[in-house]
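For reference, model08.cif is printed below; it contains mmCIF, C-alpha atoms.
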```
data_entry
#
loop_
_atom_site.label_atom_id
_atom_site.label_comp_id
_atom_site.auth_asym_id
_atom_site.auth_seq_id
_atom_site.Cartn_x
_atom_site.Cartn_y
_atom_site.Cartn_z
CA MET X 485 24.87 159.83 93.49
CA THR X 486 21.75 161.95 93.03
CA ASP X 487 22.46 164.85 90.67
CA ALA X 488 20.97 168.34 90.51
CA HIS X 489 18.33 167.37 87.94
CA ASP X 490 17.02 164.59 90.21
CA VAL X 491 16.93 166.96 93.17
CA ALA X 492 15.21 169.64 91.13
CA GLY X 493 12.70 167.13 89.81
CA THR X 494 11.83 166.00 93.30
CA ILE X 495 11.52 169.56 94.52
CA ASN X 496 9.36 170.65 91.63
CA ALA X 497 7.09 167.63 91.86
CA ASN X 498 6.39 168.54 95.44
CA ASN X 499 5.94 172.24 94.67
CA ASN X 500 3.57 171.53 91.79
CA SER X 501 1.46 169.05 93.74
CA THR X 502 1.13 171.51 96.59
CA ASN X 503 -0.03 174.29 94.31
CA ASN X 504 -2.36 172.02 92.32
CA VAL X 505 -4.20 171.15 95.54
CA GLN X 506 -4.67 174.85 96.17
CA GLY X 507 -5.81 175.41 92.57
CA GLN X 508 -2.93 177.75 91.86
CA LYS X 509 -0.41 177.96 89.09
CA PRO X 510 2.86 176.20 90.00
CA ARG X 511 5.24 178.73 91.48
CA SER X 512 8.50 177.42 90.06
CA THR X 513 9.75 175.70 86.97
CA GLN X 514 12.61 173.27 86.76
CA PRO X 515 15.08 175.76 85.18
CA ALA X 516 14.29 178.31 87.91
CA THR X 517 14.79 175.70 90.63
CA LEU X 518 18.06 174.49 89.11
CA LEU X 519 19.33 178.07 88.98
CA ALA X 520 18.31 178.62 92.60
CA ILE X 521 20.10 175.43 93.69
CA ALA X 522 23.25 176.45 91.81
CA LEU X 523 23.35 180.00 93.20
CA VAL X 524 22.60 178.99 96.79
CA THR X 525 25.13 176.13 96.59
CA LEU X 526 27.75 178.71 95.59
CA LEU X 527 26.92 180.65 98.74
CA PHE X 528 27.36 177.52 100.87
CA PHE X 529 30.81 177.13 99.30
CA THR X 530 31.69 180.77 100.01
CA TRP X 531 31.01 180.86 103.73
CA GLY X 532 32.63 177.44 104.14
CA LEU X 533 35.75 178.92 102.53
CA THR X 534 35.88 181.97 104.79
CA MET X 535 34.87 180.13 107.98
CA ASN X 536 37.72 177.64 107.70
CA MET X 537 40.16 180.37 106.71
CA VAL X 538 39.35 182.07 110.03
CA ASN X 539 40.04 178.78 111.84
CA ALA X 540 43.30 178.32 109.93
CA LEU X 541 44.42 181.92 110.59
CA ASN X 542 44.40 181.28 114.33
CA THR X 543 47.95 179.92 114.57
CA PRO X 544 49.80 182.19 112.06
CA PHE X 545 48.16 185.35 113.43
CA GLY X 546 49.13 184.27 116.91
CA ASN X 547 52.72 183.83 115.72
CA TYR X 548 53.16 187.05 113.74
CA LEU X 549 51.27 189.31 116.14
CA GLN X 550 52.73 187.45 119.15
CA LEU X 551 49.44 186.50 120.81
CA ASN X 552 48.71 183.81 123.38
CA SER X 553 46.11 181.08 122.75
CA ALA X 554 43.26 182.99 124.40
CA GLN X 555 44.04 186.12 122.36
CA SER X 556 44.29 184.12 119.14
CA SER X 557 40.92 182.58 119.88
CA LEU X 558 39.39 186.06 119.66
CA LEU X 559 39.32 185.46 115.91
CA GLN X 560 36.71 182.78 116.51
CA VAL X 561 35.00 184.91 119.17
CA ALA X 562 34.66 187.83 116.73
CA TYR X 563 33.47 185.57 113.91
CA TYR X 564 31.00 183.36 115.72
CA SER X 565 29.57 185.98 118.09
CA ALA X 566 28.36 187.82 114.99
CA TYR X 567 26.07 184.88 114.30
CA PHE X 568 24.40 185.39 117.67
CA ILE X 569 23.89 189.10 117.02
CA MET X 570 22.74 188.84 113.40
CA ALA X 571 20.56 185.73 113.47
CA ILE X 572 17.34 187.38 114.68
CA PRO X 573 17.68 190.49 112.45
CA ALA X 574 18.32 188.15 109.51
CA GLY X 575 15.13 186.26 110.33
CA LEU X 576 13.16 189.51 110.53
CA ILE X 577 14.52 190.55 107.14
CA ALA X 578 13.45 187.18 105.73
CA ARG X 579 9.94 187.61 107.14
CA ARG X 580 9.68 191.11 105.66
CA PHE X 581 11.50 190.71 102.34
CA GLY X 582 11.66 186.94 101.88
CA TYR X 583 14.67 184.64 101.70
CA LYS X 584 16.07 186.60 98.75
CA GLY X 585 16.14 189.83 100.78
CA GLY X 586 18.05 188.10 103.56
CA ILE X 587 20.55 186.67 101.08
CA ILE X 588 21.16 190.08 99.48
CA CYS X 589 21.69 191.65 102.92
CA GLY X 590 24.19 188.91 103.79
CA LEU X 591 26.16 189.36 100.59
CA LEU X 592 26.37 193.14 101.10
CA LEU X 593 27.81 192.74 104.60
CA PHE X 594 30.17 190.02 103.35
CA VAL X 595 31.57 192.38 100.69
CA ILE X 596 32.02 195.26 103.17
CA GLY X 597 33.85 193.02 105.63
CA SER X 598 36.12 191.56 102.96
CA PHE X 599 37.24 195.00 101.83
CA THR X 600 37.83 196.04 105.47
CA VAL X 601 40.63 193.46 105.61
CA ALA X 602 42.73 195.75 103.38
CA PRO X 603 43.30 198.56 105.93
CA ALA X 604 43.45 196.03 108.79
CA THR X 605 46.36 194.11 107.27
CA GLY X 606 47.98 197.29 105.93
CA MET X 607 48.25 198.65 109.48
CA ALA X 608 48.85 195.21 111.05
CA SER X 609 45.93 196.06 113.33
CA TYR X 610 44.53 193.00 115.07
CA PRO X 611 41.47 194.88 116.47
CA LEU X 612 40.57 196.14 112.99
CA PHE X 613 41.04 192.66 111.53
CA LEU X 614 38.72 191.31 114.24
CA LEU X 615 36.18 193.93 113.17
CA ALA X 616 36.52 192.83 109.54
CA MET X 617 35.92 189.20 110.53
CA PHE X 618 32.94 190.31 112.61
CA VAL X 619 31.33 192.10 109.64
CA ILE X 620 32.04 189.16 107.31
CA ALA X 621 30.40 186.88 109.85
CA LEU X 622 27.37 189.18 110.05
CA GLY X 623 26.99 188.54 106.34
CA ALA X 624 27.60 184.81 106.73
CA ALA X 625 24.99 184.67 109.51
CA SER X 626 22.41 186.31 107.27
CA LEU X 627 23.22 183.81 104.53
CA GLU X 628 23.02 180.87 106.95
CA ALA X 629 19.73 182.06 108.44
CA ASN X 630 18.19 182.22 104.96
CA CYS X 631 19.91 179.61 102.80
CA ASN X 632 19.56 176.73 105.27
CA PRO X 633 15.77 176.94 105.70
CA TYR X 634 15.35 177.86 102.03
CA ILE X 635 16.95 174.61 100.88
CA THR X 636 15.43 172.61 103.75
CA LYS X 637 11.89 173.68 102.90
CA LEU X 638 12.25 173.66 99.10
CA GLY X 639 10.50 170.27 98.91
CA ASP X 640 8.91 167.53 101.01
CA GLU X 641 9.60 167.04 104.75
CA GLN X 642 10.93 163.50 104.33
CA GLY X 643 13.82 164.71 102.19
CA GLU X 644 14.82 167.68 104.36
CA SER X 645 17.97 166.15 105.90
CA PHE X 646 18.98 164.73 102.52
CA ARG X 647 18.61 168.08 100.70
CA LEU X 648 20.41 170.13 103.33
CA ASN X 649 23.28 167.64 103.68
CA LEU X 650 23.64 167.51 99.88
CA VAL X 651 24.01 171.28 99.51
CA GLN X 652 26.04 171.56 102.74
CA SER X 653 28.51 169.15 101.11
CA PHE X 654 29.63 172.05 98.95
CA ASN X 655 30.09 174.08 102.10
CA GLY X 656 32.58 171.35 102.97
CA VAL X 657 34.34 171.87 99.64
CA GLY X 658 34.89 175.47 100.70
CA THR X 659 36.41 174.31 103.99
CA VAL X 660 38.96 172.33 101.95
CA VAL X 661 39.89 175.22 99.66
CA GLY X 662 40.39 177.72 102.52
CA PRO X 663 43.34 175.95 104.22
CA LEU X 664 44.84 175.12 100.80
CA ILE X 665 44.95 178.82 99.99
CA LEU X 666 46.30 179.65 103.43
CA GLY X 667 48.92 176.89 103.13
CA GLN X 668 50.36 178.76 100.16
CA ILE X 669 50.38 181.97 102.17
CA VAL X 670 51.95 180.56 105.33
CA SER X 671 54.38 177.99 103.85
CA GLN X 672 57.29 178.43 106.28
CA THR X 673 56.39 180.37 109.43
CA VAL X 674 59.22 182.43 110.91
CA ALA X 675 59.13 182.64 114.70
CA PRO X 676 59.52 185.99 116.50
CA GLY X 677 63.15 186.93 116.98
CA GLN X 678 64.34 184.79 114.08
CA PRO X 679 66.02 186.27 110.98
CA GLY X 680 63.50 187.35 108.37
CA PHE X 681 60.60 187.61 110.81
CA GLU X 682 59.51 191.10 109.76
CA ALA X 683 59.70 190.27 106.05
CA ALA X 684 57.67 187.07 106.58
CA LYS X 685 55.12 188.98 108.65
CA THR X 686 54.73 191.62 105.93
CA LYS X 687 54.30 188.96 103.23
CA PHE X 688 51.74 187.07 105.30
CA LEU X 689 49.62 190.17 105.88
CA SER X 690 49.92 191.22 102.22
CA ASP X 691 48.87 187.80 100.91
CA THR X 692 45.96 187.66 103.36
CA ARG X 693 44.82 191.07 102.10
CA GLY X 694 44.97 189.87 98.49
CA VAL X 695 42.83 186.79 99.22
CA TYR X 696 40.08 188.75 100.93
CA MET X 697 40.09 191.43 98.22
CA ALA X 698 39.52 188.69 95.63
CA ILE X 699 36.67 187.27 97.74
CA GLY X 700 35.10 190.73 98.06
CA ILE X 701 35.19 191.35 94.30
CA ALA X 702 33.72 187.91 93.50
CA LEU X 703 30.90 188.36 96.02
CA ALA X 704 30.13 191.85 94.70
CA VAL X 705 29.48 190.26 91.29
CA LEU X 706 27.36 187.56 92.91
CA LEU X 707 25.39 190.24 94.78
CA VAL X 708 24.41 191.86 91.47
CA ILE X 709 23.29 188.47 90.12
CA PHE X 710 21.04 187.83 93.14
CA VAL X 711 19.49 191.29 92.79
CA LEU X 712 18.56 190.56 89.18
CA VAL X 713 17.45 186.90 89.47
CA LYS X 714 14.02 185.77 90.72
CA LEU X 715 14.19 182.80 93.08
CA PRO X 716 11.39 180.18 93.37
CA THR X 717 9.50 180.13 96.66
CA PRO X 718 9.26 177.04 98.95
CA PRO X 719 5.80 175.42 99.25
CA ASP X 720 3.41 177.30 101.57
CA ASP X 721 6.02 179.94 102.34
CA ASP X 722 4.31 182.84 100.61
CA ALA X 723 0.82 181.43 101.18
CA GLU X 724 0.93 181.79 104.94
CA VAL X 725 -0.56 185.03 106.26
CA VAL X 726 0.22 185.56 109.93
CA SER X 727 -1.35 188.21 112.15
CA ASP X 728 0.72 190.29 114.54
CA ALA X 729 -0.75 188.40 117.49
CA ALA X 730 0.12 185.06 115.89
CA GLN X 731 3.66 186.25 115.15
CA SER X 732 4.17 187.12 118.81
CA ASN X 733 3.24 183.56 119.73
CA VAL X 734 5.66 181.89 117.31
CA PHE X 735 8.61 182.08 119.69
CA ARG X 736 6.48 180.76 122.55
CA ASP X 737 5.33 177.86 120.39
CA LEU X 738 8.92 176.96 119.53
CA LEU X 739 9.88 176.92 123.21
CA HIS X 740 7.13 174.36 123.80
CA ARG X 741 8.77 171.98 121.35
CA PRO X 742 11.44 170.12 123.39
CA TYR X 743 13.12 168.62 120.33
CA PHE X 744 13.64 172.14 118.96
CA VAL X 745 15.03 173.61 122.20
CA LEU X 746 17.36 170.64 122.69
CA GLY X 747 18.39 170.94 119.04
CA VAL X 748 19.46 174.55 119.56
CA PHE X 749 21.66 173.49 122.49
CA ALA X 750 23.01 170.51 120.53
CA GLN X 751 23.96 172.87 117.72
CA PHE X 752 25.65 175.23 120.21
CA LEU X 753 27.82 172.36 121.45
CA PHE X 754 28.45 171.01 117.97
CA LEU X 755 29.86 174.32 116.75
CA GLY X 756 32.28 174.16 119.66
CA ILE X 757 33.42 170.74 118.42
CA GLN X 758 33.83 171.81 114.81
CA THR X 759 35.48 175.16 115.55
CA GLY X 760 37.70 173.89 118.34
CA GLY X 761 38.97 170.89 116.39
CA MET X 762 39.85 172.87 113.28
CA ALA X 763 41.28 175.90 115.09
CA MET X 764 43.55 173.85 117.38
CA PHE X 765 44.57 171.28 114.79
CA PRO X 766 47.63 173.11 113.32
CA ALA X 767 49.12 173.62 116.79
CA TYR X 768 48.37 170.01 117.74
CA ALA X 769 49.95 168.69 114.53
CA LEU X 770 53.05 170.84 115.04
CA LYS X 771 53.47 169.32 118.49
CA HIS X 772 52.71 165.67 117.76
CA TRP X 773 53.45 164.90 114.09
CA GLY X 774 57.20 164.78 114.61
CA GLU X 775 60.39 166.79 114.35
CA GLY X 776 60.79 169.09 111.38
CA THR X 777 57.06 169.74 110.98
CA THR X 778 56.46 173.25 109.63
CA ALA X 779 53.44 175.52 110.03
CA GLY X 780 52.86 175.24 106.27
CA PHE X 781 52.75 171.45 106.50
CA ALA X 782 50.39 171.59 109.50
CA THR X 783 48.10 173.93 107.55
CA ALA X 784 48.21 171.55 104.59
CA LEU X 785 47.13 168.76 106.94
CA LEU X 786 44.21 170.98 107.92
CA SER X 787 43.15 170.76 104.26
CA VAL X 788 43.21 166.97 104.62
CA MET X 789 40.93 167.33 107.65
CA ALA X 790 38.59 169.54 105.63
CA LEU X 791 38.69 167.03 102.77
CA LEU X 792 37.64 164.21 105.11
CA PHE X 793 34.94 166.52 106.48
CA THR X 794 33.64 167.03 102.94
CA LEU X 795 33.89 163.36 102.01
CA GLY X 796 31.92 162.50 105.14
CA ARG X 797 29.03 164.60 103.88
CA PHE X 798 29.17 163.36 100.29
CA LEU X 799 29.41 159.70 101.34
CA THR X 800 26.76 159.89 104.06
CA THR X 801 24.14 161.99 102.27
CA PRO X 802 22.94 159.12 99.99
CA LEU X 803 22.50 156.92 103.09
CA MET X 804 20.03 159.44 104.50
CA ALA X 805 17.62 158.67 101.68
CA ARG X 806 17.35 155.10 103.06
CA LEU X 807 18.32 155.23 106.75
CA ASP X 808 17.23 157.37 109.69
CA PRO X 809 19.46 160.51 109.68
CA ALA X 810 19.15 160.79 113.47
CA LYS X 811 20.60 157.30 114.05
CA ILE X 812 23.44 157.96 111.62
CA LEU X 813 24.25 161.17 113.49
CA GLY X 814 24.16 159.38 116.85
CA TRP X 815 26.65 156.70 115.85
CA TYR X 816 28.91 159.27 114.20
CA MET X 817 29.03 161.35 117.38
CA LEU X 818 29.92 158.28 119.49
CA ILE X 819 32.76 157.39 117.12
CA GLY X 820 33.95 161.00 117.26
CA ALA X 821 34.03 160.88 121.08
CA ALA X 822 36.12 157.69 121.03
CA LEU X 823 38.60 159.20 118.57
CA MET X 824 38.94 162.32 120.72
CA VAL X 825 40.08 160.14 123.63
CA VAL X 826 42.87 158.85 121.37
CA VAL X 827 43.75 162.48 120.57
CA PHE X 828 43.97 163.25 124.29
CA LEU X 829 46.46 160.40 124.82
CA GLY X 830 49.02 162.18 122.63
CA LEU X 831 50.28 159.11 120.74
CA GLY X 832 52.25 161.05 118.15
CA ARG X 833 51.12 160.63 114.55
CA VAL X 834 48.48 158.10 115.60
CA SER X 835 46.69 160.79 117.59
CA VAL X 836 47.07 163.35 114.78
CA ILE X 837 45.51 160.87 112.36
CA ALA X 838 42.73 160.15 114.88
CA LEU X 839 41.96 163.88 115.00
CA LEU X 840 41.90 164.00 111.19
CA VAL X 841 39.60 161.00 110.91
CA SER X 842 37.24 162.35 113.58
CA PHE X 843 36.12 165.02 111.12
CA LEU X 844 34.90 162.36 108.72
CA PHE X 845 32.21 161.75 111.37
CA VAL X 846 31.85 165.36 112.51
CA SER X 847 30.89 166.24 108.93
CA ILE X 848 27.12 165.73 109.03
CA GLY X 849 26.54 167.28 112.45
CA TYR X 850 25.48 170.81 111.57
CA PRO X 851 23.01 170.17 108.72
CA THR X 852 21.51 167.09 110.38
CA ILE X 853 20.92 168.80 113.73
CA PHE X 854 19.54 171.78 111.82
CA SER X 855 17.01 169.73 109.88
CA LEU X 856 16.01 167.60 112.90
CA SER X 857 15.32 170.78 114.85
CA LEU X 858 13.08 172.19 112.09
CA ARG X 859 10.95 169.05 111.66
CA GLY X 860 7.27 169.94 111.45
CA LEU X 861 7.90 173.68 111.02
CA SER X 862 7.05 175.79 107.97
CA GLY X 863 6.57 179.41 106.94
CA VAL X 864 7.18 181.96 109.68
CA GLN X 865 7.90 179.21 112.22
CA ALA X 866 10.68 177.82 110.01
CA LYS X 867 12.18 181.29 109.52
CA THR X 868 12.07 182.12 113.21
CA GLY X 869 13.34 178.68 114.20
CA SER X 870 16.16 178.93 111.69
CA SER X 871 17.24 182.29 113.12
CA ILE X 872 17.35 180.84 116.63
CA ILE X 873 19.39 177.85 115.47
CA VAL X 874 21.82 180.16 113.68
CA MET X 875 22.19 182.12 116.94
CA SER X 876 23.51 178.91 118.50
CA ILE X 877 26.55 179.19 116.25
CA VAL X 878 27.88 181.52 118.95
CA GLY X 879 28.95 178.23 120.53
CA GLY X 880 31.91 178.40 118.17
CA ALA X 881 32.99 181.59 119.96
CA VAL X 882 32.14 180.70 123.55
CA ILE X 883 33.48 177.15 123.53
CA MET X 884 36.55 178.08 121.47
CA PHE X 885 37.50 180.74 124.02
CA ILE X 886 37.02 178.25 126.88
CA LEU X 887 39.17 175.71 125.02
CA GLY X 888 41.83 178.38 124.50
CA VAL X 889 41.92 179.08 128.24
CA ILE X 890 42.13 175.33 128.98
CA GLN X 891 44.93 174.99 126.43
CA ASP X 892 46.95 177.78 128.08
CA ALA X 893 46.38 176.34 131.57
CA ALA X 894 46.58 172.56 131.08
CA GLY X 895 47.79 171.85 127.54
CA ILE X 896 46.20 171.23 124.17
CA GLU X 897 45.59 167.54 124.92
CA VAL X 898 43.30 168.38 127.85
CA ALA X 899 41.50 170.93 125.68
CA MET X 900 40.82 168.15 123.17
CA LEU X 901 39.52 165.86 125.93
CA ALA X 902 37.12 168.61 127.01
CA MET X 903 35.25 168.10 123.72
CA VAL X 904 34.25 164.50 124.55
CA PRO X 905 31.18 165.48 126.65
CA LEU X 906 30.03 167.66 123.74
CA PHE X 907 30.13 164.67 121.39
CA LEU X 908 28.21 162.57 123.92
CA PHE X 909 25.42 165.10 124.36
CA ASP X 910 24.97 165.39 120.60
CA ALA X 911 24.82 161.60 120.35
CA TRP X 912 22.09 161.58 123.03
CA TYR X 913 20.17 164.26 121.14
CA ALA X 914 20.35 162.25 117.92
CA PHE X 915 19.10 159.02 119.49
CA PHE X 916 16.59 160.42 121.98
CA GLY X 917 16.37 164.21 122.32
CA SER X 918 15.33 164.82 118.72
CA ARG X 919 12.19 162.72 119.32
CA ILE X 920 10.97 164.39 122.52
CA GLY X 921 7.73 166.26 121.92
CA ARG X 922 7.38 165.30 118.27
#
```
Please render this file's structure as structure tokens.
Amino acid sequence: MTDAHDVAGTINANNNSTNNVQGQKPRSTQPATLLAIALVTLLFFTWGLTMNMVNALNTPFGNYLQLNSAQSSLLQVAYYSAYFIMAIPAGLIARRFGYKGGIICGLLLFVIGSFTVAPATGMASYPLFLLAMFVIALGAASLEANCNPYITKLGDEQGESFRLNLVQSFNGVGTVVGPLILGQIVSQTVAPGQPGFEAAKTKFLSDTRGVYMAIGIALAVLLVIFVLVKLPTPPDDDAEVVSDAAQSNVFRDLLHRPYFVLGVFAQFLFLGIQTGGMAMFPAYALKHWGEGTTAGFATALLSVMALLFTLGRFLTTPLMARLDPAKILGWYMLIGAALMVVVFLGLGRVSVIALLVSFLFVSIGYPTIFSLSLRGLSGVQAKTGSSIIVMSIVGGAVIMFILGVIQDAAGIEVAMLAMVPLFLFDAWYAFFGSRIGR
């Protein structure tokens, strides 16, 4: 598999050739690029960790605070709606202060939100915990809006999907670690009215507080590092001078690119697939795996799902250097749709395994749609386009809430079936929509 030195070499070769044409001194050196890759990769890991922890917290919070499915889904609503609110401000920060400024802003919000979990869990206040998740997600949105285009554009256009999928693979590692941590916290869930419920509830809230405090401290250290370190700049990013009149036309230009507009919608739907599948999985596994299944075991299975999600990225990324990423995405989405039909049928462990395996193919959706949508864009267009795509992550909130309502009304199997059309649209975008207007 390509290692960091190969990636850095490719990136720097492109950067140097670009600057040599312009008669300028190369803007980055290999050590600086390697450091940038390492630091940004760590950020991808961090928001993957917290995002999947939010998904995994859905079921235990619903149990201990005695919420219905729609109320539990407010965790996802609070988290993913923050992306919609923060995406444009994050893009404006990037345009004014560069990608580094946007990253620092994101880390600061992330730290504040993590520390807000302490009073929320201390008072067992669900509204305050939702606020904490909202602030964390504001930080994650700023990181997404800056780190994704930063890595995407830190080299040649041909390698954009490859680079972003490679670094996003470590985001997948974070999605594995999150449920593993939560599995230790949840272990054996005690239902309301059962002996030991209050003690189990207190322990769960205390352990959750400890995890987020540790995350807050680690990110505070990382924030200081980013303040002190100088990051290399993508080719043409700092060379582009845009007038106010031209800036006002950037959004209009993006709307006249059908492949971009369709990509935003495809990303909106995809986040519904990813969020819905992971958030509903523990409840689905508890129902269909078999008698004696505990919440701790179901959460551990969620780690298996996240592991397959990560493996999907690591195994597929090298293929993107040789095959068309759009076609790979299209076939993966069709396979995912077929597996979701098996999930709907409720065939016991077979359906649970089908749901697990579906995330092997879901894995590449986000970074591939992201890079396909940004094809042909650079500088201020890339920053603005990235912000709009990040806004589409609100699909994780909107669609998750709809799935929660469907689950309450018709059952979790029907909610799973409702994701099939989402898979099919994303497959169509990969095969056809991503080429319209290019």
Could you tell me how far atom CA of Val524 of chain X sits from atom CA of Leu706 of chain X, in Å to one decimal place?
10.5 Å
In the coordinates of the file, take the point (21.9, 166.9, 110.7) and a cut-off of 12 Å; then, counting only C-alpha atoms, name each qualifying protein, DNA or RNA residue as a PyMOL selection string.
chain X and resi 632+636+643-650+652-653+747-748+750-751+754+797+800-801+804+808-814+816-817+845-859+910-911+913-914+918
Looking at only C-alpha atoms, which of X:Tyr768, X:Tyr567, X:Phe798, X:Tyr634 is the one that sits closest to Ala866 of chain X?
X:Tyr634
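Going from atom CA of Leu844 of chain X over to atom CA of Gly796 of chain X, you cover 4.7 Å.
Of the residues under consideration (X:Leu541, X:Ala621, X:Ala562, X:Val827), X:Val827 shows the shortest atom-to-atom contact distance to Gly761 of chain X when counting only C-alpha atoms.
Of the residues under consideration (X:Leu753, X:Ala629, X:Leu559, X:Ile920), X:Ala629 shows the shortest atom-to-atom contact distance to Ile587 of chain X when counting all atoms listed in the file.
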Selected residue, from X:Ala893, X:Val695, X:Val657, X:Ala616, that lies nearest to Leu792 of chain X when counting all atoms listed in the file
X:Val657
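For the set X:Gly776, X:Gly869, X:Gly760, X:Gly585, the residue with the smallest atom-to-atom gap to Gln560 of chain X is X:Gly760, counting all atoms listed in the file.
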